[in-house]
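Report on the following structure.
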Amino acid sequence: ELKVEQNPLFLSMQEGKNYTIYCNYSTTSDRLYWYRQDPGKSLESLFVLLSNGAVKQEGRLMASLDTKARLSTLHITAAVHDLSATYFCAVVYSGGSNYKLTFGKGTLLTVNP
Amino acid sequence: EADIYQTPRYLVIGTGKKITLECSQTMGHDKMYWYQQDPGMELHLIHYSYGVNSTEKGDLSSESTVSRIRTEHFPLTLESARPSHTSQYLCASSGQVGYGYTFGSGTRLTVV
(Lines give C-alpha, C1' and ligand atoms only; values in the text may rest on other atoms or scores of the structure.)
Protein backbone atom coordinates (compact mmCIF):
# COMPACT_ATOMS: atom_id res chain seq x y z
CA GLU A 1 0.00 0.00 0.00
CA LEU A 2 1.35 3.40 -0.96
CA LYS A 3 1.80 5.80 1.96
CA VAL A 4 2.56 9.50 1.59
CA GLU A 5 3.85 11.46 4.54
CA GLN A 6 4.20 15.21 4.71
CA ASN A 7 6.00 17.18 7.32
CA PRO A 8 5.50 19.40 8.99
CA LEU A 9 1.70 19.25 9.15
CA PHE A 10 1.54 22.77 10.57
CA LEU A 11 3.96 25.55 9.74
CA SER A 12 3.83 29.07 11.05
CA MET A 13 6.45 31.38 9.62
CA GLN A 14 7.24 35.04 9.37
CA GLU A 15 7.16 37.01 6.19
CA GLY A 16 10.51 37.11 4.48
CA LYS A 17 11.71 33.78 5.86
CA ASN A 18 12.55 30.61 3.96
CA TYR A 19 11.28 27.14 4.72
CA THR A 20 10.89 23.67 3.19
CA ILE A 21 7.99 21.24 3.28
CA TYR A 22 8.89 17.57 2.84
CA CYS A 23 6.92 14.80 1.17
CA ASN A 24 8.06 11.18 1.57
CA TYR A 25 6.40 8.23 -0.10
CA SER A 26 6.72 4.53 0.47
CA THR A 27 6.84 2.82 -2.94
CA THR A 28 8.42 3.44 -6.29
CA SER A 29 6.81 6.23 -8.26
CA ASP A 30 8.14 8.74 -10.74
CA ARG A 31 5.19 11.11 -10.74
CA LEU A 32 4.48 13.54 -7.95
CA TYR A 33 2.11 16.48 -7.74
CA TRP A 34 1.78 19.50 -5.47
CA TYR A 35 -1.55 21.20 -4.84
CA ARG A 36 -2.61 24.29 -2.95
CA GLN A 37 -5.91 24.66 -1.09
CA ASP A 38 -7.21 27.94 0.33
CA PRO A 39 -9.66 27.73 3.27
CA GLY A 40 -13.08 26.55 2.14
CA LYS A 41 -11.91 26.19 -1.46
CA SER A 42 -10.97 23.38 -3.79
CA LEU A 43 -7.50 22.20 -4.78
CA GLU A 44 -5.40 24.06 -7.32
CA SER A 45 -2.56 22.34 -9.15
CA LEU A 46 0.85 23.88 -8.45
CA PHE A 47 3.51 21.55 -9.82
CA VAL A 48 3.77 18.32 -11.77
CA LEU A 49 7.07 16.47 -11.30
CA LEU A 50 7.52 13.61 -13.74
CA SER A 51 11.10 12.42 -13.41
CA ASN A 52 13.98 12.03 -11.02
CA GLY A 53 15.73 15.33 -10.49
CA ALA A 54 12.80 17.37 -11.79
CA VAL A 55 12.69 20.90 -10.46
CA LYS A 56 9.88 23.36 -11.05
CA GLN A 57 9.62 26.96 -9.87
CA GLU A 58 6.75 29.40 -9.73
CA GLY A 59 7.30 32.69 -7.97
CA ARG A 60 8.46 32.05 -4.40
CA LEU A 61 7.77 28.31 -4.58
CA MET A 62 10.15 25.68 -5.89
CA ALA A 63 9.45 21.94 -5.97
CA SER A 64 11.90 19.12 -6.57
CA LEU A 65 11.74 15.35 -6.84
CA ASP A 66 14.27 12.69 -5.85
CA THR A 67 12.78 9.35 -6.85
CA LYS A 68 15.67 7.36 -5.42
CA ALA A 69 15.12 8.84 -1.98
CA ARG A 70 11.33 8.82 -2.54
CA LEU A 71 11.29 12.44 -1.49
CA SER A 72 9.90 15.68 -2.81
CA THR A 73 10.45 19.10 -1.33
CA LEU A 74 8.49 22.32 -1.65
CA HIS A 75 10.74 25.24 -0.83
CA ILE A 76 9.35 28.62 0.09
CA THR A 77 11.56 31.63 -0.44
CA ALA A 78 10.94 34.96 1.31
CA ALA A 79 7.42 34.03 2.36
CA VAL A 80 4.55 36.48 1.94
CA HIS A 81 1.10 36.41 3.52
CA ASP A 82 -0.54 35.38 0.23
CA LEU A 83 1.18 32.01 0.46
CA SER A 84 -0.89 31.09 3.51
CA ALA A 85 -2.80 27.94 2.53
CA THR A 86 -2.73 24.17 2.87
CA TYR A 87 -0.30 22.39 0.57
CA PHE A 88 -0.78 18.78 -0.45
CA CYS A 89 1.60 16.46 -2.21
CA ALA A 90 0.21 13.48 -4.09
CA VAL A 91 1.88 10.46 -5.62
CA VAL A 92 0.54 8.25 -8.35
CA TYR A 93 -0.17 4.62 -7.55
CA SER A 94 -0.01 2.48 -10.62
CA GLY A 95 -2.55 -0.27 -10.63
CA GLY A 96 -2.41 -1.99 -13.95
CA SER A 97 -3.23 0.36 -16.80
CA ASN A 98 -5.00 2.86 -14.60
CA TYR A 99 -3.88 5.01 -11.75
CA LYS A 100 -5.06 7.02 -8.80
CA LEU A 101 -3.33 9.57 -6.64
CA THR A 102 -2.55 9.06 -2.97
CA PHE A 103 -2.47 12.35 -1.07
CA GLY A 104 -0.46 13.35 1.95
CA LYS A 105 -2.33 14.82 4.92
CA GLY A 106 -1.42 18.35 3.90
CA THR A 107 0.71 21.09 5.43
CA LEU A 108 -1.14 24.10 6.79
CA LEU A 109 1.10 27.09 6.18
CA THR A 110 0.46 30.35 7.98
CA VAL A 111 2.63 33.32 7.08
CA ASN A 112 2.58 36.04 9.70
CA PRO A 113 3.48 39.71 9.13
CA GLU B 1 -13.28 26.57 -21.78
CA ALA B 2 -12.68 23.03 -20.55
CA ASP B 3 -13.48 22.66 -16.89
CA ILE B 4 -15.06 20.56 -14.16
CA TYR B 5 -18.27 21.69 -12.53
CA GLN B 6 -19.90 20.73 -9.27
CA THR B 7 -23.39 21.63 -8.14
CA PRO B 8 -24.63 22.71 -5.73
CA ARG B 9 -21.80 24.63 -4.07
CA TYR B 10 -23.58 24.58 -0.72
CA LEU B 11 -26.41 22.33 0.46
CA VAL B 12 -28.20 22.21 3.80
CA ILE B 13 -30.63 19.34 4.05
CA GLY B 14 -32.60 17.45 6.67
CA THR B 15 -31.80 13.99 7.94
CA GLY B 16 -33.29 11.19 5.88
CA LYS B 17 -33.47 13.11 2.61
CA LYS B 18 -32.08 11.71 -0.62
CA ILE B 19 -29.52 13.91 -2.32
CA THR B 20 -27.48 13.84 -5.49
CA LEU B 21 -24.30 15.84 -5.90
CA GLU B 22 -23.56 16.63 -9.52
CA CYS B 23 -20.17 16.58 -11.20
CA SER B 24 -19.58 17.22 -14.88
CA GLN B 25 -16.44 17.81 -16.90
CA THR B 26 -15.96 19.07 -20.43
CA MET B 27 -12.40 17.83 -20.92
CA GLY B 28 -13.26 14.36 -22.19
CA HIS B 29 -11.39 12.80 -19.27
CA ASP B 30 -12.01 9.11 -18.80
CA LYS B 31 -11.03 8.98 -15.10
CA MET B 32 -13.13 10.65 -12.43
CA TYR B 33 -12.96 10.65 -8.64
CA TRP B 34 -14.91 11.69 -5.55
CA TYR B 35 -13.13 12.78 -2.38
CA GLN B 36 -14.56 13.60 1.03
CA GLN B 37 -12.77 16.20 3.10
CA ASP B 38 -13.61 17.61 6.51
CA PRO B 39 -12.47 21.24 7.05
CA GLY B 40 -8.71 21.46 7.34
CA MET B 41 -8.32 17.72 7.10
CA GLU B 42 -6.94 15.20 4.64
CA LEU B 43 -8.70 14.02 1.51
CA HIS B 44 -10.33 10.61 1.49
CA LEU B 45 -11.06 8.86 -1.79
CA ILE B 46 -14.60 7.45 -1.65
CA HIS B 47 -15.33 6.53 -5.29
CA TYR B 48 -13.61 6.47 -8.65
CA SER B 49 -14.33 5.58 -12.23
CA TYR B 50 -12.03 4.74 -15.10
CA GLY B 51 -14.68 5.04 -17.76
CA VAL B 52 -18.33 4.62 -18.68
CA ASN B 53 -20.06 1.89 -16.69
CA SER B 54 -16.98 1.49 -14.49
CA THR B 55 -17.15 2.47 -10.81
CA GLU B 56 -15.09 1.41 -7.81
CA LYS B 57 -15.17 2.10 -4.10
CA GLY B 58 -12.30 4.10 -2.72
CA ASP B 59 -10.17 3.84 0.39
CA LEU B 60 -12.77 5.28 2.74
CA SER B 61 -15.99 3.38 3.19
CA SER B 62 -18.95 5.52 2.23
CA GLU B 63 -22.71 5.04 2.23
CA SER B 64 -22.93 6.99 -0.99
CA THR B 65 -23.22 5.50 -4.47
CA VAL B 66 -22.07 6.74 -7.86
CA SER B 67 -22.87 6.11 -11.50
CA ARG B 68 -21.04 6.73 -14.76
CA ILE B 69 -23.45 6.49 -17.64
CA ARG B 70 -21.78 9.23 -19.67
CA THR B 71 -18.11 10.13 -19.85
CA GLU B 72 -18.69 13.69 -18.73
CA HIS B 73 -21.02 13.02 -15.80
CA PHE B 74 -20.23 11.38 -12.44
CA PRO B 75 -23.00 12.05 -9.88
CA LEU B 76 -22.84 10.97 -6.25
CA THR B 77 -26.02 9.97 -4.41
CA LEU B 78 -26.87 9.61 -0.74
CA GLU B 79 -30.13 7.70 -0.33
CA SER B 80 -30.71 8.85 3.25
CA ALA B 81 -28.60 11.72 4.49
CA ARG B 82 -27.35 11.75 8.09
CA PRO B 83 -25.48 14.37 10.13
CA SER B 84 -22.34 12.20 9.86
CA HIS B 85 -22.39 12.91 6.10
CA THR B 86 -21.72 16.59 6.76
CA SER B 87 -18.50 17.35 4.90
CA GLN B 88 -17.03 18.83 1.75
CA TYR B 89 -17.20 16.63 -1.34
CA LEU B 90 -14.66 17.22 -4.09
CA CYS B 91 -14.91 15.82 -7.59
CA ALA B 92 -11.84 15.46 -9.79
CA SER B 93 -10.99 14.16 -13.23
CA SER B 94 -7.86 13.16 -15.08
CA GLY B 95 -7.03 12.34 -18.66
CA GLN B 96 -3.57 11.49 -19.83
CA VAL B 97 -1.40 9.79 -17.27
CA GLY B 98 1.10 12.26 -15.90
CA TYR B 99 -1.09 15.33 -15.77
CA GLY B 100 -2.59 14.81 -12.33
CA TYR B 101 -6.11 15.73 -11.39
CA THR B 102 -8.29 18.72 -12.10
CA PHE B 103 -10.60 19.45 -9.19
CA GLY B 104 -14.07 20.92 -9.16
CA SER B 105 -14.98 23.72 -6.77
CA GLY B 106 -16.54 21.31 -4.28
CA THR B 107 -19.92 20.87 -2.59
CA ARG B 108 -20.17 21.72 1.07
CA LEU B 109 -22.92 19.51 2.51
CA THR B 110 -24.55 20.08 5.88
CA VAL B 111 -27.09 17.57 7.15
CA VAL B 112 -29.21 18.82 10.04
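Each chain in the C-alpha coordinates gets a letter, A, B, ..., in the order shown, and its residues are numbered from 1; ligands are numbered from 1 in order too.
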Item to complete: Might you pull out every residue within 8 Å of range 84-94 of chain B, with only C-alpha atoms counted and same-chain residues fewer than 6 positions away left off, and present them as a PyMOL selection string?
Response: (chain A and resi 42) or (chain B and resi 4+6+23+25+29-39+100-111)
Discussion item. Using only C-alpha atoms, which protein or nucleic acid residues come within 10 Å of Thr28 in chain A? Drop anything in the same chain fewer than 6 positions from it, and give the result as a count of residues only.
Written reply: 9
Item to complete: Using DSSP on the backbone, list every residue of chain A that comes out as strand (DSSP E or B), and give them as a ChimeraX atom specification.
Response: /A:4-7,10-14,19-25,32-37,43-49,55-58,61-66,71-76,85-95,98-103,107-112
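Compared by their closest atoms to Leu83 in chain A, and using only C-alpha atoms, the residues A:Lys56, A:Lys105, A:Arg36, A:Lys41 rank with A:Arg36 nearest.
Residue neighbourhood of Arg70 in chain B, excluding near-sequence residues (fewer than 6 positions): Gly51, Val52 and Asn53 of chain B, at 9 Å, using only C-alpha atoms.
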Item to complete: Would you mind listing what lies within 12 Å of Val66 in chain B as a ChimeraX atom specification, with only C-alpha atoms counted and same-chain residues fewer than 3 positions away left out?
Response: /B:19-23,32-34,46-49,52-58,62-63,69,73-79,91
Discussion item. I'd like to know which of A:Gly16, A:Pro8, A:Gly59, A:Gly104 is closest to chain B, using only C-alpha atoms.
Written reply: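 Of A:Gly16, A:Pro8, A:Gly59, A:Gly104, the one nearest chain B, counting only C-alpha atoms, is A:Gly104.
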